[in-house]
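Structure file query_11.txt; described as compact mmCIF, C-alpha atoms.
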# COMPACT_ATOMS: atom_id res chain seq x y z
CA MET O 138 54.96 1.26 65.81
CA ALA O 139 54.39 -2.49 65.62
CA SER O 140 56.58 -4.76 63.52
CA LEU O 141 55.32 -7.58 61.35
CA HIS O 142 57.71 -10.25 60.22
CA ALA O 143 56.67 -12.48 57.34
CA LEU O 144 58.52 -15.71 56.87
CA ASP O 145 58.86 -18.01 53.89
CA ILE O 146 57.65 -15.64 51.19
CA PRO O 147 57.97 -17.40 47.84
CA ASP O 148 60.81 -15.98 45.73
CA GLU O 149 58.54 -15.25 42.80
CA LEU O 150 56.14 -13.26 45.00
CA TYR O 151 58.97 -11.29 46.57
CA GLU O 152 60.40 -10.46 43.14
CA ARG O 153 57.01 -9.18 41.98
CA LEU O 154 56.74 -7.14 45.16
CA GLN O 155 60.19 -5.64 44.57
CA GLN O 156 59.27 -4.77 40.97
CA LEU O 157 56.05 -3.08 42.05
CA ALA O 158 57.82 -1.16 44.81
CA LYS O 159 60.50 0.02 42.37
CA ALA O 160 57.86 1.08 39.82
CA GLU O 161 56.11 3.17 42.48
CA ASN O 162 59.34 4.55 43.98
CA ARG O 163 58.80 2.87 47.32
CA SER O 164 60.72 0.50 49.51
CA VAL O 165 59.47 -3.06 49.74
CA ASP O 166 58.29 -2.36 53.30
CA ALA O 167 56.37 0.75 52.22
CA GLN O 168 54.82 -1.18 49.33
CA VAL O 169 53.66 -3.97 51.63
CA ILE O 170 52.10 -1.40 53.99
CA THR O 171 50.33 0.29 51.06
CA ILE O 172 48.98 -3.02 49.78
CA LEU O 173 47.71 -3.97 53.24
CA GLN O 174 46.07 -0.57 53.75
CA ASN O 175 44.32 -0.76 50.39
CA ALA O 176 43.11 -4.29 51.02
CA LEU O 177 41.74 -3.41 54.46
CA GLN O 178 40.08 -0.26 53.14
CA VAL O 179 38.30 -2.23 50.42
CA LYS O 180 37.19 -4.87 52.92
CA THR O 181 35.92 -2.23 55.35
CA GLN O 182 34.06 -0.46 52.53
CA HIS O 183 32.32 -3.71 51.54
CA THR O 184 31.23 -4.20 55.14
CA GLU O 185 29.84 -0.66 55.34
CA ASP O 186 27.99 -1.10 52.04
CA GLU O 187 26.45 -4.33 53.32
CA ARG O 188 25.26 -2.56 56.47
CA ARG O 189 23.65 0.18 54.42
CA LYS O 190 21.88 -2.38 52.25
CA ASN O 191 20.45 -3.97 55.40
CA VAL O 192 18.90 -0.73 56.71
CA PRO O 193 15.56 -1.09 54.84
CA LYS O 194 15.30 -4.69 56.03
CA LEU O 195 15.95 -3.64 59.63
CA LEU O 196 13.40 -0.82 59.42
CA GLU O 197 10.80 -3.26 58.13
CA GLU O 198 11.53 -5.66 61.00
CA ILE O 199 11.14 -2.82 63.50
CA ARG O 200 7.84 -1.78 61.93
CA LEU O 201 6.52 -5.34 62.08
CA ARG O 202 7.53 -5.71 65.72
CA ARG O 203 5.79 -2.48 66.63
CA GLU O 204 2.63 -3.50 64.81
CA SER O 205 2.57 -6.95 66.37
CA ARG O 206 2.92 -5.66 69.94
CA GLN O 207 -0.16 -6.44 71.99
CA THR O 208 -0.83 -3.71 74.56
CA ASP O 209 -3.85 -2.98 76.69
CA VAL O 210 -2.82 0.65 76.99
CA GLU O 211 -4.85 3.04 74.91
CA TRP O 212 -2.89 6.20 74.32
CA PRO O 213 -4.81 9.49 74.10
CA ASP O 214 -4.77 11.49 70.91
CA SER O 215 -1.93 14.00 71.20
CA THR O 216 -3.75 16.50 69.01
CA ALA O 217 -6.70 16.55 71.40
CA LEU O 218 -4.37 17.00 74.38
CA ILE O 219 -2.61 19.93 72.73
CA ARG O 220 -5.95 21.55 71.81
CA GLU O 221 -7.19 21.09 75.37
CA ASP O 222 -4.05 22.69 76.74
CA ARG O 223 -4.30 25.66 74.36
CA ASP O 224 -7.95 26.24 75.23
CA ARG O 225 -7.16 26.78 78.93
Go ahead and express the file in the form of structure tokens.
Amino acid sequence: MASLHALDIPDELYERLQQLAKAENRSVDAQVITILQNALQVKTQHTEDERRKNVPKLLEEIRLRRESRQTDVEWPDSTALIREDRDR
């Protein structure tokens, strides 16, 4: 397990951290780990929510790109091909 050493933590902040750790029956180290995990989880959740919000925009961009493609290829109707194959 990796170690993280924080230096020069203001006394007031450390006291608040100790009080919170005591109130939640944790060591100061365990409390710091819990706070970091919660903060990272919230940040990760925001990122995931932002990605989900962008999905409709991405789908619209894909649709526009497909529609704007200029091709000389004329694809046959798949329904007609299936009917032809079944009629054999």
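The spacing separating atom CA of O:Val169 from atom CA of O:Thr184 amounts to 22.7 Å.
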Legend entry - One-decimal distance in Å that lies between atom CA of O:Leu173 and atom CA of O:Ser140: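 These atoms are spaced 13.6 Å apart.
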Legend entry - One-decimal distance in Å that lies between atom CA of O:Met138 and atom CA of O:Lys159: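 Taking atom CA of O:Lys159 as the start and atom CA of O:Met138 as the end point, the length is 24.1 Å.
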Inset, instruction - Mind checking which residues fall within 12 Å of stretch 150-158 of chain O, counting all atoms listed in the file, ignoring those fewer than 3 positions away in the same chain, and posting them as a ChimeraX atom specification? - result: /O:143-147,161-172
